[in-house]
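Taking it in order: structure first as structure tokens, then the write-up.
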Protein chains: 2
Amino acid sequence: MAYTYPYPRPMVTADVVVFAIIDGDLKVLLIKRGREPFEGQWALPGGFMDMDETPEQCAMRELREETGVTHLYLEQLYSFGAIDRDPRGRNISVAYFALIDSTKVVARAGDDAADAAWRSVYDLPVLAFDHHRIVDYALERLRNKAEYTTVSFQMLPDEFTLSELQAAYETILQKELDKRNFRRKMITLGILEETGGTRRKGVHRPAKLYRFKQENFEKLKDRGIVFPF
Amino acid sequence: MAYTYPYPRPMVTADVVVFAIIDGDLKVLLIKRGREPFEGQWALPGGFMDMDETPEQCAMRELREETGVTHLYLEQLYSFGAIDRDPRGRNISVAYFALIDSTKVVARAGDDAADAAWRSVYDLPVLAFDHHRIVDYALERLRNKAEYTTVSFQMLPDEFTLSELQAAYETILQKELDKRNFRRKMITLGILEETGGTRRKGVHRPAKLYRFKQENFEKLKDRGIVFPF
DNA sequence: ACAAAAGTGTTGAGAGTACACCCATGC
DNA sequence: GCATGGGTGTACTCTCAACACTTTTGT
């Protein structure tokens, strides 16, 4: 079957940069390509958009097919359209930015992917296409958003300790935060509530568990409240 | 001539939301469509991407062809890909956000456009496609950026008075700002320099003219300085 | 009792906000 | 001399940033 048009059209793909915090490191989900071009090289999950899906649905589908990952925070990042970005021909990639709680996800290779793995964003292999640029851009976006929104909560389990929350911010922003100031800030923002439970980690004092209070956060957003650390 | 592909491909277009401050109002540049679909309706400047240009180059070209407008601040806004957004078939629009100094621009209809005009963003006609959504999104982006960057300067002449600058912010943000606080803030940021000249407006005390100091602004950006009014 | 992470308060500096009057000019 | 927009200072509040010790637990 073939498709004919009076004017040339580019290919349209969607690619996804999925971030998770694993072992105290900021990781990106990569697949090893199972076919040409760039066969055997690491790349972002992604692929061609079907005619009956939006770019966003395409991003979700490719992610599911290639890595088994579902149920995550997803937002559009940027569209990459350099003329020579794909050796197969003219290609516009709508790139997405995603965050997931690593305790909820098991990445496994599927579909066109020969392998799937979490790799440190600070120690990436050579990537296919212009995917390195896409990751760089996504990291910049993540850091910006971490400073004035609550996206970081998307990378934590439903219940978490303040130390875990602080560690997430430190991993994303790559800078140390003052424990007392951090805790005061989070508590006084009023977007956390204690679950009543505690987490015992090793042999030390157990830490209180908290949960994110979405309702209270909505109120803050309307007032333009910011998170400067 | 026809183009044939083994899989179907969507059309790719670029559309541009150009903002300018004219007569103390925030205006958007629109064209009246000269052909189907939506012939005779107002729409954003834009059109089909050629195979030898990037989406950004396409946005600039269409803008020039349809309205004669060149030399402006342009950044990518968002890609719109709803399945039914174009009655001609599947279409991905890479939308751009642009700002221009209204003293430097003369919009005239050209090419496929039957007319071109600046319309208040607060009183828009019915627009073709999903262009109303695109304008809404662009306005949100403009307001966000106005609060923590210096994009607003892109909408002023090279030399301007502090009152003109304040009026630009007030027009964009749709709220009144305190004159003394605004001036102190701008002066102490160190991103303005006096040109030495003055602007006489009517019969009153002449106002000092200032110029934007890009170099000093770059330093601030690195330190993450913010503009909250 | 000790090792290790959890948890807690105070102070000083800087920025934001609110607010009202004098100045320079052309007619 | 008056009408009009240009231009200026102060006091209060709040948030940020810096900084070190006590508490709880398991072994």
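We label chains A, B, ... in the order they appear in the structure tokens, count residues from 1 in each chain, and number ligands from 1 in the order shown.
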Q.
Need the shell around Val121 (chain A): protein/DNA/RNA residues with any atom at most 9 Å away, counting only C-alpha atoms (C1' of nucleotides). Skip same-chain ones fewer than 6 positions apart. Format as an NGL selection string?
A. :A and (19 or 25-28 or 135-136 or 139)
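For region 30-94 of chain A, backbone-based DSSP assignment of strand (DSSP E) covers Leu30, Ile31, Lys32, Arg33, Trp42, Ala43, Gly46, Gly47, Phe48, Tyr73, Leu74, Glu75, Gln76, Leu77, Tyr78, Ser79, Phe80, Asn91, Ile92, Ser93 and Val94 of chain A.
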Q.
Taking 4 positions as the minimum chain separation for residues in the same chain, which residues sit within 9 Å of DT24 (chain D) when counting only C-alpha atoms (C1' of nucleotides)? Answer as a ChimeraX atom specification.
A. /A:204-206 /C:6
Got time to write the residues from that selection, C-alpha atoms (C1' of nucleotides), as a PDB file, in the first residue's frame?
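That gives us out18.pdb:
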```
ATOM      1  CA  HIS A 204      18.050   4.935  63.042  1.00  0.00           C
ATOM      2  CA  ARG A 205      15.235   7.159  64.130  1.00  0.00           C
ATOM      3  CA  PRO A 206      12.191   6.466  61.920  1.00  0.00           C
TER       4      PRO A 206
ATOM      5  C1'  DA C   6      15.537  12.674  62.047  1.00  0.00           C
TER       6       DA C   6
END
```
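Every chain C residue lying within 7 Å of chain B, based on only C-alpha atoms (C1' of nucleotides), is listed here: DA24, DT25 and DG26 of chain C.
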Q: Write out as a PyMOL selection string every residue belonging to chain D that has an atom at most 12 Å from any atom of chain A, counting only C-alpha atoms (C1' of nucleotides).
A: chain D and resi 15-20+23-27
Selection near Leu99 (chain A), 7 Å with only C-alpha atoms (C1' of nucleotides), sequence-local residues under 2 positions removed, as a PDB file with N, CA and C atoms, in the first residue's frame:
```pdb
ATOM      1  N   VAL A  18      12.181  10.253  29.564  1.00  0.00           N
ATOM      2  CA  VAL A  18      11.585   9.881  30.849  1.00  0.00           C
ATOM      3  C   VAL A  18      12.661   9.964  31.923  1.00  0.00           C
ATOM      4  N   PHE A  19      12.384  10.766  32.942  1.00  0.00           N
ATOM      5  CA  PHE A  19      13.313  10.874  34.068  1.00  0.00           C
ATOM      6  C   PHE A  19      12.778  10.107  35.268  1.00  0.00           C
ATOM      7  N   ALA A  20      13.693   9.504  36.012  1.00  0.00           N
ATOM      8  CA  ALA A  20      13.343   8.913  37.304  1.00  0.00           C
ATOM      9  C   ALA A  20      14.551   9.063  38.216  1.00  0.00           C
ATOM     10  N   LEU A  72       2.457   7.841  33.618  1.00  0.00           N
ATOM     11  CA  LEU A  72       3.452   8.803  34.075  1.00  0.00           C
ATOM     12  C   LEU A  72       3.008  10.215  33.763  1.00  0.00           C
ATOM     13  N   TYR A  73       3.715  11.168  34.348  1.00  0.00           N
ATOM     14  CA  TYR A  73       3.492  12.587  34.074  1.00  0.00           C
ATOM     15  C   TYR A  73       4.144  12.903  32.738  1.00  0.00           C
ATOM     16  N   LEU A  74       3.366  13.456  31.787  1.00  0.00           N
ATOM     17  CA  LEU A  74       3.904  13.719  30.445  1.00  0.00           C
ATOM     18  C   LEU A  74       3.532  15.124  30.001  1.00  0.00           C
ATOM     19  N   GLN A 154       6.346  14.176  41.295  1.00  0.00           N
ATOM     20  CA  GLN A 154       6.004  13.116  40.341  1.00  0.00           C
ATOM     21  C   GLN A 154       7.031  11.995  40.344  1.00  0.00           C
ATOM     22  N   MET A 155       8.199  12.275  40.908  1.00  0.00           N
ATOM     23  CA  MET A 155       9.267  11.277  40.879  1.00  0.00           C
ATOM     24  C   MET A 155       9.394  10.544  42.200  1.00  0.00           C
TER      25      MET A 155
END
```
Q: Considering only C-alpha atoms, extract the chain B residues located within 6 Å of chain A and return them as a ChimeraX atom specification.
A: /B:2-6,8,54,81-82
Residues from last step as file, N, CA, C and O atoms, as a PDB file, in the first residue's frame:
```pdb
ATOM      1  N   ALA B   2       3.815  14.239  -8.015  1.00  0.00           N
ATOM      2  CA  ALA B   2       3.210  13.660  -6.821  1.00  0.00           C
ATOM      3  C   ALA B   2       4.279  12.977  -5.980  1.00  0.00           C
ATOM      4  O   ALA B   2       5.331  12.597  -6.504  1.00  0.00           O
ATOM      5  N   TYR B   3       3.999  12.827  -4.739  1.00  0.00           N
ATOM      6  CA  TYR B   3       4.960  12.253  -3.803  1.00  0.00           C
ATOM      7  C   TYR B   3       4.326  11.062  -3.120  1.00  0.00           C
ATOM      8  O   TYR B   3       3.218  11.165  -2.598  1.00  0.00           O
ATOM      9  N   THR B   4       5.019   9.942  -3.148  1.00  0.00           N
ATOM     10  CA  THR B   4       4.460   8.691  -2.661  1.00  0.00           C
ATOM     11  C   THR B   4       5.314   8.119  -1.536  1.00  0.00           C
ATOM     12  O   THR B   4       6.544   8.122  -1.626  1.00  0.00           O
ATOM     13  N   TYR B   5       4.625   7.676  -0.494  1.00  0.00           N
ATOM     14  CA  TYR B   5       5.319   7.123   0.674  1.00  0.00           C
ATOM     15  C   TYR B   5       4.673   5.815   1.093  1.00  0.00           C
ATOM     16  O   TYR B   5       3.470   5.623   0.880  1.00  0.00           O
ATOM     17  N   PRO B   6       5.452   4.905   1.696  1.00  0.00           N
ATOM     18  CA  PRO B   6       4.901   3.614   2.115  1.00  0.00           C
ATOM     19  C   PRO B   6       3.926   3.727   3.287  1.00  0.00           C
ATOM     20  O   PRO B   6       3.111   2.831   3.511  1.00  0.00           O
ATOM     21  N   PRO B   8       1.309   6.626   5.583  1.00  0.00           N
ATOM     22  CA  PRO B   8       0.705   7.956   5.479  1.00  0.00           C
ATOM     23  C   PRO B   8       1.490   8.971   6.307  1.00  0.00           C
ATOM     24  O   PRO B   8       2.085   8.617   7.329  1.00  0.00           O
ATOM     25  N   THR B  54      13.479  24.642   8.027  1.00  0.00           N
ATOM     26  CA  THR B  54      13.054  24.189   9.354  1.00  0.00           C
ATOM     27  C   THR B  54      11.693  24.808   9.658  1.00  0.00           C
ATOM     28  O   THR B  54      11.278  25.760   8.993  1.00  0.00           O
ATOM     29  N   GLY B  81      -1.564  19.261  17.563  1.00  0.00           N
ATOM     30  CA  GLY B  81      -1.735  18.093  16.707  1.00  0.00           C
ATOM     31  C   GLY B  81      -3.049  17.362  16.880  1.00  0.00           C
ATOM     32  O   GLY B  81      -3.129  16.169  16.594  1.00  0.00           O
ATOM     33  N   ALA B  82      -4.090  18.070  17.329  1.00  0.00           N
ATOM     34  CA  ALA B  82      -5.389  17.408  17.477  1.00  0.00           C
ATOM     35  C   ALA B  82      -5.784  16.795  16.129  1.00  0.00           C
ATOM     36  O   ALA B  82      -5.512  17.362  15.067  1.00  0.00           O
TER      37      ALA B  82
END
```
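Nearest residue to DT8 (chain D), choosing from C:DA13, C:DC23, C:DA18, C:DA1 and counting only C-alpha atoms (C1' of nucleotides): C:DC23.
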(Q) Run DSSP on the backbone and tell me which residues of region 5-152 of chain A come out as alpha helix (DSSP H); list them as JSON, numbers by chain. (A) {"A": [55, 56, 57, 58, 59, 60, 61, 62, 63, 64, 65, 66, 67, 131, 132, 133, 134, 135, 136, 137, 138, 139, 140, 141, 142, 143, 144, 145, 146, 147, 148]}
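Taking CA of Gln174 (chain A) and CA of Asp158 (chain A) as the two end points, the separation is 23.3 Å.
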